[in-house]
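What's in start38.pdb: PDB, C-alpha atoms
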```pdb
MODEL        1
ATOM      1  CA  MET A   1     -14.704  -1.600   9.682
ATOM      2  CA  GLU A   2     -16.446   0.516  12.298
ATOM      3  CA  THR A   3     -14.305   3.526  11.354
ATOM      4  CA  LEU A   4     -15.315   3.160   7.707
ATOM      5  CA  GLN A   5     -18.986   2.876   8.645
ATOM      6  CA  LYS A   6     -18.740   5.993  10.821
ATOM      7  CA  LYS A   7     -17.457   7.830   7.742
ATOM      8  CA  GLY A   8     -20.539   6.783   5.782
ATOM      9  CA  VAL A   9     -19.170   3.741   3.988
ATOM     10  CA  ASN A  10     -21.757   1.005   3.566
ATOM     11  CA  ILE A  11     -20.465  -2.533   3.976
ATOM     12  CA  ALA A  12     -22.232  -5.491   2.422
ATOM     13  CA  TYR A  13     -21.447  -9.183   2.214
ATOM     14  CA  ILE A  14     -21.907 -11.621  -0.642
ATOM     15  CA  THR A  15     -20.850 -15.242  -0.993
ATOM     16  CA  LEU A  16     -18.707 -17.099  -3.485
ATOM     17  CA  HIS A  17     -17.581 -20.611  -2.593
ATOM     18  CA  VAL A  18     -14.118 -20.486  -4.091
ATOM     19  CA  GLY A  19     -12.822 -23.593  -5.772
ATOM     20  CA  LEU A  20      -9.278 -24.560  -6.624
ATOM     21  CA  GLY A  21      -9.862 -23.436 -10.214
ATOM     22  CA  THR A  22      -9.550 -19.809  -9.075
ATOM     23  CA  PHE A  23      -5.938 -20.477  -8.132
ATOM     24  CA  ARG A  24      -5.064 -22.795 -11.014
ATOM     25  CA  PRO A  25      -2.336 -21.245 -13.173
ATOM     26  CA  VAL A  26      -3.128 -20.396 -16.762
ATOM     27  CA  LYS A  27      -1.172 -22.776 -18.999
ATOM     28  CA  VAL A  28      -2.680 -22.082 -22.427
ATOM     29  CA  GLU A  29      -1.108 -19.888 -25.098
ATOM     30  CA  LYS A  30      -4.344 -17.965 -25.724
ATOM     31  CA  ILE A  31      -6.026 -16.858 -22.507
ATOM     32  CA  GLU A  32      -9.437 -17.147 -24.186
ATOM     33  CA  GLU A  33      -8.916 -20.926 -24.140
ATOM     34  CA  HIS A  34      -8.493 -21.110 -20.345
ATOM     35  CA  HIS A  35     -11.572 -22.495 -18.606
ATOM     36  CA  MET A  36     -12.501 -21.571 -15.037
ATOM     37  CA  HIS A  37     -14.129 -24.169 -12.805
ATOM     38  CA  SER A  38     -17.666 -23.293 -11.709
ATOM     39  CA  GLU A  39     -18.167 -21.819  -8.254
ATOM     40  CA  TYR A  40     -21.394 -21.231  -6.325
ATOM     41  CA  TYR A  41     -22.414 -17.665  -5.379
ATOM     42  CA  SER A  42     -25.306 -15.935  -3.640
ATOM     43  CA  MET A  43     -26.501 -12.390  -2.968
ATOM     44  CA  SER A  44     -29.311 -11.352  -0.632
ATOM     45  CA  LYS A  45     -32.072  -8.892  -1.513
ATOM     46  CA  GLU A  46     -30.786  -6.471   1.136
ATOM     47  CA  VAL A  47     -27.340  -6.368  -0.431
ATOM     48  CA  ALA A  48     -28.732  -6.042  -3.952
ATOM     49  CA  ASP A  49     -30.944  -3.138  -2.855
ATOM     50  CA  LEU A  50     -28.019  -1.424  -1.097
ATOM     51  CA  LEU A  51     -25.818  -1.721  -4.198
ATOM     52  CA  ILE A  52     -28.561  -0.388  -6.475
ATOM     53  CA  ASP A  53     -29.191   2.519  -4.099
ATOM     54  CA  THR A  54     -25.458   3.263  -3.889
ATOM     55  CA  LYS A  55     -25.204   3.515  -7.675
ATOM     56  CA  LYS A  56     -28.379   5.645  -7.917
ATOM     57  CA  LYS A  57     -26.902   8.114  -5.436
ATOM     58  CA  GLY A  58     -23.667   8.349  -7.425
ATOM     59  CA  GLY A  59     -21.666   6.261  -4.972
ATOM     60  CA  ARG A  60     -18.930   3.836  -5.854
ATOM     61  CA  ILE A  61     -18.833   0.103  -5.357
ATOM     62  CA  ILE A  62     -15.412  -0.986  -4.156
ATOM     63  CA  SER A  63     -15.114  -4.733  -4.122
ATOM     64  CA  VAL A  64     -12.918  -6.386  -1.521
ATOM     65  CA  GLY A  65     -11.262  -9.369  -3.094
ATOM     66  CA  THR A  66     -11.298 -10.895  -6.540
ATOM     67  CA  THR A  67     -13.914 -13.452  -5.515
ATOM     68  CA  SER A  68     -16.387 -10.728  -4.560
ATOM     69  CA  THR A  69     -15.532  -8.988  -7.806
ATOM     70  CA  ARG A  70     -16.221 -12.085  -9.881
ATOM     71  CA  THR A  71     -19.570 -12.551  -8.134
ATOM     72  CA  LEU A  72     -20.669  -8.933  -8.665
ATOM     73  CA  GLU A  73     -19.592  -8.990 -12.302
ATOM     74  CA  THR A  74     -21.372 -12.315 -12.872
ATOM     75  CA  ILE A  75     -24.638 -10.986 -11.482
ATOM     76  CA  MET A  76     -24.445  -7.710 -13.400
ATOM     77  CA  THR A  77     -23.539  -9.532 -16.632
ATOM     78  CA  LYS A  78     -26.361 -12.043 -16.210
ATOM     79  CA  TYR A  79     -29.144  -9.679 -15.068
ATOM     80  CA  GLY A  80     -28.034  -6.146 -15.951
ATOM     81  CA  THR A  81     -28.640  -5.128 -12.341
ATOM     82  CA  PHE A  82     -27.972  -6.319  -8.817
ATOM     83  CA  LYS A  83     -30.649  -8.683  -7.531
ATOM     84  CA  GLU A  84     -31.240 -11.378  -4.999
ATOM     85  CA  CYS A  85     -29.937 -14.520  -6.624
ATOM     86  CA  SER A  86     -27.688 -17.515  -6.396
ATOM     87  CA  GLY A  87     -26.107 -19.762  -8.953
ATOM     88  CA  TRP A  88     -22.889 -20.924 -10.513
ATOM     89  CA  THR A  89     -20.237 -18.846 -12.201
ATOM     90  CA  ASP A  90     -17.235 -19.663 -14.311
ATOM     91  CA  ILE A  91     -16.521 -16.057 -15.284
ATOM     92  CA  PHE A  92     -12.925 -15.432 -16.337
ATOM     93  CA  ILE A  93     -12.007 -11.759 -16.308
ATOM     94  CA  TYR A  94      -8.904 -10.776 -18.254
ATOM     95  CA  PRO A  95      -7.701  -7.700 -20.174
ATOM     96  CA  GLY A  96     -10.318  -6.502 -22.620
ATOM     97  CA  TYR A  97     -13.192  -7.239 -20.218
ATOM     98  CA  SER A  98     -15.949  -4.616 -20.080
ATOM     99  CA  TRP A  99     -16.548  -3.794 -16.391
ATOM    100  CA  LYS A 100     -20.185  -3.540 -15.313
ATOM    101  CA  ALA A 101     -20.463  -3.748 -11.531
ATOM    102  CA  ILE A 102     -17.509  -2.316  -9.640
ATOM    103  CA  ASP A 103     -15.697   1.001  -9.488
ATOM    104  CA  GLY A 104     -12.640  -0.172  -7.590
ATOM    105  CA  LEU A 105     -10.991  -3.157  -5.971
ATOM    106  CA  LEU A 106      -9.020  -3.892  -2.818
ATOM    107  CA  THR A 107      -7.014  -7.054  -3.424
ATOM    108  CA  ASN A 108      -3.834  -8.950  -2.649
ATOM    109  CA  PHE A 109      -0.754  -9.166  -4.802
ATOM    110  CA  HIS A 110      -1.368 -12.331  -6.801
ATOM    111  CA  LEU A 111       0.942 -14.967  -8.187
ATOM    112  CA  PRO A 112       2.303 -14.869 -11.758
ATOM    113  CA  LYS A 113       0.271 -16.630 -14.474
ATOM    114  CA  SER A 114      -2.826 -16.616 -12.266
ATOM    115  CA  THR A 115      -6.353 -15.719 -13.338
ATOM    116  CA  LEU A 116      -6.380 -13.265 -10.436
ATOM    117  CA  LEU A 117      -3.407 -11.348 -11.821
ATOM    118  CA  MET A 118      -5.220 -11.158 -15.153
ATOM    119  CA  LEU A 119      -8.340  -9.825 -13.440
ATOM    120  CA  VAL A 120      -6.462  -6.957 -11.759
ATOM    121  CA  SER A 121      -4.623  -6.231 -15.020
ATOM    122  CA  SER A 122      -7.981  -5.956 -16.729
ATOM    123  CA  LEU A 123      -9.120  -3.334 -14.250
ATOM    124  CA  ALA A 124      -5.963  -1.251 -13.853
ATOM    125  CA  GLY A 125      -4.084  -1.969 -17.057
ATOM    126  CA  ARG A 126      -1.238  -4.394 -17.588
ATOM    127  CA  GLU A 127       1.566  -1.790 -17.523
ATOM    128  CA  TYR A 128       0.287  -0.181 -14.322
ATOM    129  CA  ILE A 129       0.045  -3.557 -12.586
ATOM    130  CA  LEU A 130       3.535  -4.543 -13.768
ATOM    131  CA  ARG A 131       4.914  -1.314 -12.258
ATOM    132  CA  ALA A 132       3.053  -1.976  -9.004
ATOM    133  CA  TYR A 133       4.404  -5.509  -8.838
ATOM    134  CA  LYS A 134       7.942  -4.341  -9.548
ATOM    135  CA  GLU A 135       7.627  -1.949  -6.602
ATOM    136  CA  ALA A 136       6.103  -4.699  -4.441
ATOM    137  CA  VAL A 137       9.034  -7.017  -5.135
ATOM    138  CA  LYS A 138      11.542  -4.224  -4.536
ATOM    139  CA  GLU A 139       9.932  -3.358  -1.187
ATOM    140  CA  ASN A 140       9.488  -7.027  -0.125
ATOM    141  CA  TYR A 141       5.700  -6.941  -0.021
ATOM    142  CA  ARG A 142       4.038 -10.224   0.839
ATOM    143  CA  PHE A 143       2.127 -11.919  -1.949
ATOM    144  CA  PHE A 144      -0.934 -14.181  -2.107
ATOM    145  CA  SER A 145      -3.895 -14.588   0.207
ATOM    146  CA  PHE A 146      -2.399 -13.341   3.472
ATOM    147  CA  GLY A 147      -0.045 -10.781   2.028
ATOM    148  CA  ASP A 148      -0.078  -7.076   1.433
ATOM    149  CA  CYS A 149      -2.775  -5.536  -0.719
ATOM    150  CA  MET A 150      -3.440  -2.756  -3.177
ATOM    151  CA  LEU A 151      -6.381  -0.466  -3.806
ATOM    152  CA  ILE A 152      -7.247  -0.024  -7.473
ATOM    153  CA  LEU A 153      -9.544   2.908  -8.248
TER     154      LEU A 153
ENDMDL
END
```
As structure tokens, please, write out the structure in this file.
Amino acid sequence: METLQKKGVNIAYITLHVGLGTFRPVKVEKIEEHHMHSEYYSMSKEVADLLIDTKKKGGRIISVGTTSTRTLETIMTKYGTFKECSGWTDIFIYPGYSWKAIDGLLTNFHLPKSTLLMLVSSLAGREYILRAYKEAVKENYRFFSFGDCMLIL
């Protein structure tokens, strides 16, 4: 983290209290019918100001983790900007979603039929993610929360 900061990367922290619903497999035929459980999030004024300033200066916001991503997208969808706030989100991001907050994502390789796999497919495209997962399986990458990760830009 220090190396990144020395290179000019700003690091900010937000909170999302992840519930089991994030990891619940999607079992419906139409993904639009899947319902996410609500989870509590919060963002400080300092972080909101840093994110706004980053965007104004032409910088990119790279989210680390799908939970951070869901929080940033919830706030941007709700307010149209980053701001100090807290609340509950049940946002479900899947292909066809219109991205508002982030420019990239660092995330794990997620399990099949998960909402998290749908989120990354929404950002990078289903075919691209399927190719990445095929390579991950071939090369014995570790999946899930403590596994290997990928950077999607």
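Our summary of the geometry notes that CA of Tyr79 (chain A) is positioned 22.7 Å from CA of Asn10 (chain A).
Each of A:Gly87, A:Gly58, A:Gly80, A:Gly125 was compared to Thr15 (chain A) using all atoms listed in the file, and A:Gly87 turns out to be the nearest.
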### Message
Using the chain letters and numbers from this file, what does the PyMOL selection byres ((chain A and resi 144) around 9) select? Give the answer as a ChimeraX atom specification.
### Response
/A:108-111,142-143,145-149
### Message
Counting all atoms listed in the file, which residue out of A:Ile31, A:Met150, A:Ile14, A:Leu4 sits closest to Leu105 (chain A)?
### Response
A:Met150
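Proximity to Met76 (chain A) was assessed for A:Leu51, A:Glu39, A:Val120, A:Val64 counting all atoms listed in the file; the smallest distance is recorded for A:Leu51.
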### Message
Evaluated on this file, the PyMOL selection byres ((chain A and resi 113) around 8) picks out some residues - which ones are they, written as a count of residues only?
### Response
9
### Task
Please check which residues have atoms at most 6 Å from (-19.6, -6.4, -2.0) in the file's coordinates, counting only C-alpha atoms, and write them as a list in words.
Ala12, Tyr13, Ile14, Ser63 and Ser68 of chain A
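The nearest approach to Thr69 (chain A) among the residues A:Ala124, A:Val9, A:Val47, A:Ile102, with only C-alpha atoms taken into account, belongs to A:Ile102.
With only C-alpha atoms as the basis for measurement, A:Thr66 is the residue among A:Ser38, A:Thr3, A:Thr66, A:Thr89 that approaches Gly104 (chain A) most closely.
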#### Entry: Pick from A:Glu84, A:Asp103, A:Glu2, A:Asp90 nearest to Ser44 (chain A), counting only C-alpha atoms
A:Glu84
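Taking CA of Leu16 (chain A) as the reference point, CA of Arg70 (chain A) is found at 8.5 Å.
Note that the spacing between CA of Ile129 (chain A) and CA of Tyr94 (chain A) amounts to 12.8 Å.
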Need the axis-aligned box for region 121-125 of chain A with 3 Å each side, so what are the centre and edges in Å to one decimal, as AutoDock Vina command-line options?
```
--center_x -6.6 --center_y -3.7 --center_z -15.5 --size_x 11.0 --size_y 11.0 --size_z 9.2
```
### Task
Please provide the set of residues having any atom within 9 Å of Asp49 (chain A), restricted to only C-alpha atoms, with same-chain residues fewer than 4 positions apart removed, written as a ChimeraX atom specification.
/A:44-45,53-54,82-84
### Task
Please provide the set of residues having any atom within 8 Å of Ile52 (chain A), restricted to all atoms listed in the file, with same-chain residues fewer than 4 positions apart removed, written as number ranges by chain.
A: 48, 56, 81-82
